[in-house]
Amino acid sequence: MAQIVGGIGTSHSPMLLNEPDLWRERADQDRTNPELFDESGVLRTFEELGAAASDRFAGELGEELWERRYRACHDSMDRLAREISALDVDAVVVVGDDQGEVFDKSIQPAIGIYWGKDWHTGILENAPAGQFFENVKVGYAMDDVHFFEGAPDLAHDLVTTGVALGFDITSLQEMPPGRGFGHAYGFVIRRLLGERNVPVVPVLLNTYFPPNQPTAARCYDLGRALAEGVRRSGSDRKVVFAASGGLSHFVVNEDLDRAVLEAIVAGDAGYLRSVPQELLQSGSSEIRNWITVAGAMEGRAVTWSEYIPCYRTAAGTGCGMAFLRWE
């Protein structure tokens, strides 16, 4: 019988894959980003955000501060990598979001699980020019097609248990032609698993694209179902769950981030199941991945967590970086 031996949460922002002297390159791209939602979930232009912010974020900028926060993020990721290694796991279930890497506008399932023998990443195309995204391609394992091992026995059991518990799960046993997995999965492997060949089960949530984004309640309950799938599985694996992405971006929302993390630490399912849909848009939608894994980890203590808001412009754009470990 498979068993859950722990869980983690990690941001996977492109900022983590670049030294702070390149963050300004990303900041310049914010000016034309059409997906900037403010702290109340309203879509704004960069200029509107800047006018509303006034000088609120002036103290959050500068390469000396950026360097300290960048190093703090990497210290947390190093700790996660060491602790995963110490668990000697047989499989990692990565709950991430697909952003046009596996699926496209022809089909966009709310929930998918890949249960093939192996899987691969795709190549990141049409990225902005510059060194920033050249580094991102490597860090996401999207500089080329890279193959990784799956855990078909475990993943199959997650699908069948999920369906038995009332979830309409899209089943993927083979890679769609010409497609590949993306940033949410490649980051975890490259940054946290490193050279260790640990089988990975990709769970795909449509966090990003309306109109069929799952609610926070649905995500939390899905996590419960995934944990039950591990318990019912006939495979003999030690399993870690990983939430990949978030927290708030492309506009940092510290109040939301801290409330979500505090609820995870407290085991407050009521709050996590009630996070409003309007706050889970654009990059902040990846908070759904954390809510899902929190459901899977229900009843388990959080051993440590770190929150590091990384602003990159005076308009408040950036990413709320978070790292967390369940026992």
# chains A, B, ... in the order shown; residues from 1 in each chain; ligands from 1
$ select_by_dssp --residues "segment 229-310 of chain A" --states "alpha helix (DSSP H)" --output "MDAnalysis selection string"
chainID A and resid 229:232 254:266 269:272 287:296
$ residues_around --residues "Gln3 of chain A" --least-positions-apart "4" --cutoff "8 Å" --atoms "only C-alpha atoms" --output "ChimeraX atom specification"
/A:230-231,236-239
$ closest_atom_pairs --of "segment 55-117 of chain A" --to "segment 221-225 of chain A" --cutoff "12 Å" --atoms "only C-alpha atoms" --output "tab-separated table"
residue	atom	partner	partner_atom	distance
A:Val93	CA	A:Gly223	CA	11.0
A:Val94	CA	A:Gly223	CA	11.5
A:Val95	CA	A:Gly223	CA	9.3
A:Ala110	CA	A:Leu222	CA	11.3
A:Ile111	CA	A:Leu222	CA	9.1
A:Gly112	CA	A:Leu222	CA	11.3
A:Ile113	CA	A:Leu222	CA	11.8
$ atom_distance --atom1 "atom CA of Arg300 of chain A" --atom2 "atom CA of Ile287 of chain A"
19.1 Å
$ closest_residue --among "A:Gly41, A:Gly6, A:Gly62, A:Pro214" --to "Leu80 of chain A" --atoms "only C-alpha atoms"
A:Gly6
$ residues_around --residues "Ala269 of chain A" --least-positions-apart "6" --cutoff "12 Å" --atoms "only C-alpha atoms" --output "PDB file with all heavy atoms, in the first residue's frame"
ATOM      1  N   ALA A 216     -12.156  27.189  -5.080  1.00  0.00           N
ATOM      2  CA  ALA A 216     -11.264  26.823  -3.981  1.00  0.00           C
ATOM      3  C   ALA A 216     -11.786  25.597  -3.241  1.00  0.00           C
ATOM      4  O   ALA A 216     -11.015  24.702  -2.865  1.00  0.00           O
ATOM      5  CB  ALA A 216     -11.105  28.006  -3.028  1.00  0.00           C
ATOM      6  N   ALA A 217     -13.098  25.527  -3.035  1.00  0.00           N
ATOM      7  CA  ALA A 217     -13.686  24.371  -2.340  1.00  0.00           C
ATOM      8  C   ALA A 217     -13.454  23.090  -3.129  1.00  0.00           C
ATOM      9  O   ALA A 217     -13.123  22.037  -2.562  1.00  0.00           O
ATOM     10  CB  ALA A 217     -15.179  24.595  -2.117  1.00  0.00           C
ATOM     11  N   ARG A 218     -13.630  23.166  -4.451  1.00  0.00           N
ATOM     12  CA  ARG A 218     -13.418  21.991  -5.295  1.00  0.00           C
ATOM     13  C   ARG A 218     -11.957  21.552  -5.240  1.00  0.00           C
ATOM     14  O   ARG A 218     -11.656  20.354  -5.204  1.00  0.00           O
ATOM     15  CB  ARG A 218     -13.824  22.321  -6.728  1.00  0.00           C
ATOM     16  CG  ARG A 218     -13.886  21.107  -7.669  1.00  0.00           C
ATOM     17  CD  ARG A 218     -14.974  20.162  -7.259  1.00  0.00           C
ATOM     18  NE  ARG A 218     -15.227  19.149  -8.300  1.00  0.00           N
ATOM     19  CZ  ARG A 218     -15.866  18.023  -8.085  1.00  0.00           C
ATOM     20  NH1 ARG A 218     -16.346  17.748  -6.883  1.00  0.00           N
ATOM     21  NH2 ARG A 218     -16.073  17.154  -9.060  1.00  0.00           N
ATOM     22  N   CYS A 219     -11.044  22.512  -5.221  1.00  0.00           N
ATOM     23  CA  CYS A 219      -9.618  22.183  -5.145  1.00  0.00           C
ATOM     24  C   CYS A 219      -9.285  21.492  -3.823  1.00  0.00           C
ATOM     25  O   CYS A 219      -8.551  20.491  -3.802  1.00  0.00           O
ATOM     26  CB  CYS A 219      -8.779  23.445  -5.316  1.00  0.00           C
ATOM     27  SG  CYS A 219      -8.827  24.147  -6.971  1.00  0.00           S
ATOM     28  N   TYR A 220      -9.793  22.029  -2.733  1.00  0.00           N
ATOM     29  CA  TYR A 220      -9.508  21.424  -1.431  1.00  0.00           C
ATOM     30  C   TYR A 220     -10.044  19.993  -1.372  1.00  0.00           C
ATOM     31  O   TYR A 220      -9.345  19.067  -0.916  1.00  0.00           O
ATOM     32  CB  TYR A 220     -10.116  22.264  -0.311  1.00  0.00           C
ATOM     33  CG  TYR A 220      -9.637  21.856   1.063  1.00  0.00           C
ATOM     34  CD1 TYR A 220      -8.495  22.434   1.607  1.00  0.00           C
ATOM     35  CD2 TYR A 220     -10.317  20.892   1.802  1.00  0.00           C
ATOM     36  CE1 TYR A 220      -8.046  22.053   2.868  1.00  0.00           C
ATOM     37  CE2 TYR A 220      -9.866  20.509   3.050  1.00  0.00           C
ATOM     38  CZ  TYR A 220      -8.733  21.096   3.589  1.00  0.00           C
ATOM     39  OH  TYR A 220      -8.283  20.706   4.826  1.00  0.00           O
ATOM     40  N   ASP A 221     -11.249  19.807  -1.871  1.00  0.00           N
ATOM     41  CA  ASP A 221     -11.839  18.468  -1.852  1.00  0.00           C
ATOM     42  C   ASP A 221     -11.104  17.523  -2.803  1.00  0.00           C
ATOM     43  O   ASP A 221     -11.000  16.324  -2.534  1.00  0.00           O
ATOM     44  CB  ASP A 221     -13.319  18.548  -2.202  1.00  0.00           C
ATOM     45  CG  ASP A 221     -14.132  19.258  -1.130  1.00  0.00           C
ATOM     46  OD1 ASP A 221     -13.617  19.419  -0.004  1.00  0.00           O
ATOM     47  OD2 ASP A 221     -15.278  19.671  -1.420  1.00  0.00           O
ATOM     48  N   GLY A 223      -7.937  17.611  -3.297  1.00  0.00           N
ATOM     49  CA  GLY A 223      -6.771  17.193  -2.517  1.00  0.00           C
ATOM     50  C   GLY A 223      -7.099  16.041  -1.591  1.00  0.00           C
ATOM     51  O   GLY A 223      -6.325  15.073  -1.481  1.00  0.00           O
ATOM     52  N   ARG A 224      -8.227  16.121  -0.937  1.00  0.00           N
ATOM     53  CA  ARG A 224      -8.661  15.009  -0.077  1.00  0.00           C
ATOM     54  C   ARG A 224      -8.779  13.720  -0.887  1.00  0.00           C
ATOM     55  O   ARG A 224      -8.365  12.643  -0.442  1.00  0.00           O
ATOM     56  CB  ARG A 224     -10.003  15.338   0.556  1.00  0.00           C
ATOM     57  CG  ARG A 224      -9.970  16.394   1.657  1.00  0.00           C
ATOM     58  CD  ARG A 224     -11.391  16.796   2.026  1.00  0.00           C
ATOM     59  NE  ARG A 224     -11.482  17.563   3.261  1.00  0.00           N
ATOM     60  CZ  ARG A 224     -12.539  18.266   3.623  1.00  0.00           C
ATOM     61  NH1 ARG A 224     -13.617  18.292   2.824  1.00  0.00           N
ATOM     62  NH2 ARG A 224     -12.557  18.934   4.756  1.00  0.00           N
ATOM     63  N   VAL A 260      -3.723  33.003   3.247  1.00  0.00           N
ATOM     64  CA  VAL A 260      -3.693  31.631   2.768  1.00  0.00           C
ATOM     65  C   VAL A 260      -2.678  30.816   3.551  1.00  0.00           C
ATOM     66  O   VAL A 260      -2.961  29.693   4.005  1.00  0.00           O
ATOM     67  CB  VAL A 260      -3.379  31.601   1.257  1.00  0.00           C
ATOM     68  CG1 VAL A 260      -3.029  30.185   0.797  1.00  0.00           C
ATOM     69  CG2 VAL A 260      -4.558  32.135   0.453  1.00  0.00           C
ATOM     70  N   LEU A 261      -1.489  31.367   3.746  1.00  0.00           N
ATOM     71  CA  LEU A 261      -0.451  30.625   4.477  1.00  0.00           C
ATOM     72  C   LEU A 261      -0.857  30.397   5.930  1.00  0.00           C
ATOM     73  O   LEU A 261      -0.647  29.313   6.486  1.00  0.00           O
ATOM     74  CB  LEU A 261       0.880  31.369   4.399  1.00  0.00           C
ATOM     75  CG  LEU A 261       1.594  31.296   3.049  1.00  0.00           C
ATOM     76  CD1 LEU A 261       2.813  32.208   3.046  1.00  0.00           C
ATOM     77  CD2 LEU A 261       1.996  29.872   2.714  1.00  0.00           C
ATOM     78  N   GLU A 262      -1.437  31.414   6.556  1.00  0.00           N
ATOM     79  CA  GLU A 262      -1.879  31.243   7.944  1.00  0.00           C
ATOM     80  C   GLU A 262      -2.957  30.171   8.045  1.00  0.00           C
ATOM     81  O   GLU A 262      -2.968  29.366   8.995  1.00  0.00           O
ATOM     82  CB  GLU A 262      -2.396  32.580   8.483  1.00  0.00           C
ATOM     83  CG  GLU A 262      -1.290  33.592   8.751  1.00  0.00           C
ATOM     84  CD  GLU A 262      -1.824  34.981   9.069  1.00  0.00           C
ATOM     85  OE1 GLU A 262      -3.068  35.116   9.199  1.00  0.00           O
ATOM     86  OE2 GLU A 262      -1.012  35.931   9.177  1.00  0.00           O
ATOM     87  N   ALA A 263      -3.850  30.118   7.072  1.00  0.00           N
ATOM     88  CA  ALA A 263      -4.900  29.094   7.091  1.00  0.00           C
ATOM     89  C   ALA A 263      -4.315  27.702   6.884  1.00  0.00           C
ATOM     90  O   ALA A 263      -4.757  26.731   7.504  1.00  0.00           O
ATOM     91  CB  ALA A 263      -5.942  29.398   6.016  1.00  0.00           C
ATOM     92  N   VAL A 275     -11.884  30.883  -0.407  1.00  0.00           N
ATOM     93  CA  VAL A 275     -11.163  31.980  -1.063  1.00  0.00           C
ATOM     94  C   VAL A 275     -11.927  32.377  -2.328  1.00  0.00           C
ATOM     95  O   VAL A 275     -12.237  31.526  -3.169  1.00  0.00           O
ATOM     96  CB  VAL A 275      -9.719  31.559  -1.422  1.00  0.00           C
ATOM     97  CG1 VAL A 275      -9.006  32.692  -2.150  1.00  0.00           C
ATOM     98  CG2 VAL A 275      -8.941  31.174  -0.163  1.00  0.00           C
ATOM     99  N   ILE A 291      -3.980  25.121  -2.325  1.00  0.00           N
ATOM    100  CA  ILE A 291      -5.203  24.717  -1.635  1.00  0.00           C
ATOM    101  C   ILE A 291      -5.453  23.222  -1.852  1.00  0.00           C
ATOM    102  O   ILE A 291      -5.855  22.501  -0.926  1.00  0.00           O
ATOM    103  CB  ILE A 291      -6.397  25.564  -2.122  1.00  0.00           C
ATOM    104  CG1 ILE A 291      -6.208  27.028  -1.684  1.00  0.00           C
ATOM    105  CG2 ILE A 291      -7.712  25.014  -1.590  1.00  0.00           C
ATOM    106  CD1 ILE A 291      -7.238  27.989  -2.276  1.00  0.00           C
ATOM    107  N   THR A 292      -5.177  22.745  -3.058  1.00  0.00           N
ATOM    108  CA  THR A 292      -5.354  21.326  -3.348  1.00  0.00           C
ATOM    109  C   THR A 292      -4.445  20.465  -2.486  1.00  0.00           C
ATOM    110  O   THR A 292      -4.879  19.472  -1.879  1.00  0.00           O
ATOM    111  CB  THR A 292      -5.090  21.055  -4.843  1.00  0.00           C
ATOM    112  OG1 THR A 292      -5.987  21.842  -5.635  1.00  0.00           O
ATOM    113  CG2 THR A 292      -5.274  19.588  -5.178  1.00  0.00           C
ATOM    114  N   VAL A 293      -3.172  20.835  -2.415  1.00  0.00           N
ATOM    115  CA  VAL A 293      -2.245  20.040  -1.608  1.00  0.00           C
ATOM    116  C   VAL A 293      -2.569  20.176  -0.125  1.00  0.00           C
ATOM    117  O   VAL A 293      -2.407  19.224   0.645  1.00  0.00           O
ATOM    118  CB  VAL A 293      -0.783  20.424  -1.920  1.00  0.00           C
ATOM    119  CG1 VAL A 293       0.185  19.675  -0.999  1.00  0.00           C
ATOM    120  CG2 VAL A 293      -0.462  20.089  -3.382  1.00  0.00           C
ATOM    121  N   ALA A 294      -3.058  21.336   0.295  1.00  0.00           N
ATOM    122  CA  ALA A 294      -3.496  21.469   1.691  1.00  0.00           C
ATOM    123  C   ALA A 294      -4.612  20.475   1.996  1.00  0.00           C
ATOM    124  O   ALA A 294      -4.658  19.893   3.091  1.00  0.00           O
ATOM    125  CB  ALA A 294      -3.967  22.895   1.959  1.00  0.00           C
ATOM    126  N   GLY A 295      -5.513  20.245   1.035  1.00  0.00           N
ATOM    127  CA  GLY A 295      -6.539  19.230   1.231  1.00  0.00           C
ATOM    128  C   GLY A 295      -5.948  17.842   1.356  1.00  0.00           C
ATOM    129  O   GLY A 295      -6.373  17.037   2.195  1.00  0.00           O
ATOM    130  N   ALA A 296      -4.943  17.558   0.533  1.00  0.00           N
ATOM    131  CA  ALA A 296      -4.283  16.249   0.609  1.00  0.00           C
ATOM    132  C   ALA A 296      -3.543  16.066   1.925  1.00  0.00           C
ATOM    133  O   ALA A 296      -3.416  14.947   2.432  1.00  0.00           O
ATOM    134  CB  ALA A 296      -3.312  16.085  -0.567  1.00  0.00           C
ATOM    135  N   MET A 297      -3.065  17.163   2.490  1.00  0.00           N
ATOM    136  CA  MET A 297      -2.288  17.111   3.734  1.00  0.00           C
ATOM    137  C   MET A 297      -3.144  17.340   4.971  1.00  0.00           C
ATOM    138  O   MET A 297      -2.617  17.525   6.079  1.00  0.00           O
ATOM    139  CB  MET A 297      -1.186  18.180   3.701  1.00  0.00           C
ATOM    140  CG  MET A 297      -0.123  17.972   2.644  1.00  0.00           C
ATOM    141  SD  MET A 297       0.920  16.519   2.958  1.00  0.00           S
ATOM    142  CE  MET A 297       0.245  15.421   1.716  1.00  0.00           C
ATOM    143  N   GLU A 298      -4.456  17.319   4.814  1.00  0.00           N
ATOM    144  CA  GLU A 298      -5.359  17.587   5.941  1.00  0.00           C
ATOM    145  C   GLU A 298      -4.999  16.710   7.144  1.00  0.00           C
ATOM    146  O   GLU A 298      -4.817  15.501   7.023  1.00  0.00           O
ATOM    147  CB  GLU A 298      -6.791  17.321   5.521  1.00  0.00           C
ATOM    148  CG  GLU A 298      -7.818  17.780   6.531  1.00  0.00           C
ATOM    149  CD  GLU A 298      -9.234  17.623   5.995  1.00  0.00           C
ATOM    150  OE1 GLU A 298      -9.616  16.481   5.672  1.00  0.00           O
ATOM    151  OE2 GLU A 298      -9.943  18.638   5.888  1.00  0.00           O
ATOM    152  N   GLY A 299      -4.872  17.367   8.300  1.00  0.00           N
ATOM    153  CA  GLY A 299      -4.528  16.653   9.525  1.00  0.00           C
ATOM    154  C   GLY A 299      -3.045  16.555   9.796  1.00  0.00           C
ATOM    155  O   GLY A 299      -2.633  16.107  10.876  1.00  0.00           O
TER     156      GLY A 299
END
$ residues_around --residues "Glu228 of chain A" --least-positions-apart "6" --cutoff "9 Å" --atoms "only C-alpha atoms" --output "PyMOL selection string"
chain A and resi 158+161-162+296
$ select_by_dssp --residues "segment 42-251 of chain A" --states "strand (DSSP E)" --output "MDAnalysis selection string"
chainID A and resid 43:44 91:97 111:114 118:120 147:149 170:172 200:205 238:244
$ closest_residue --among "A:Asp78, A:Glu278, A:Glu64, A:Asp257" --to "Ala322 of chain A" --atoms "only C-alpha atoms"
A:Asp257
$ residues_around --residues "Ala27 of chain A" --least-positions-apart "6" --cutoff "10 Å" --atoms "only C-alpha atoms" --output "PyMOL selection string"
chain A and resi 311-315+317-318
$ closest_residue --among "A:Val251, A:Leu280, A:Met15, A:Leu154" --to "Val92 of chain A" --atoms "only C-alpha atoms"
A:Leu154
$ closest_residue --among "A:Arg44, A:Arg82, A:Arg258, A:Arg69" --to "Gly194 of chain A" --atoms "only C-alpha atoms"
A:Arg82
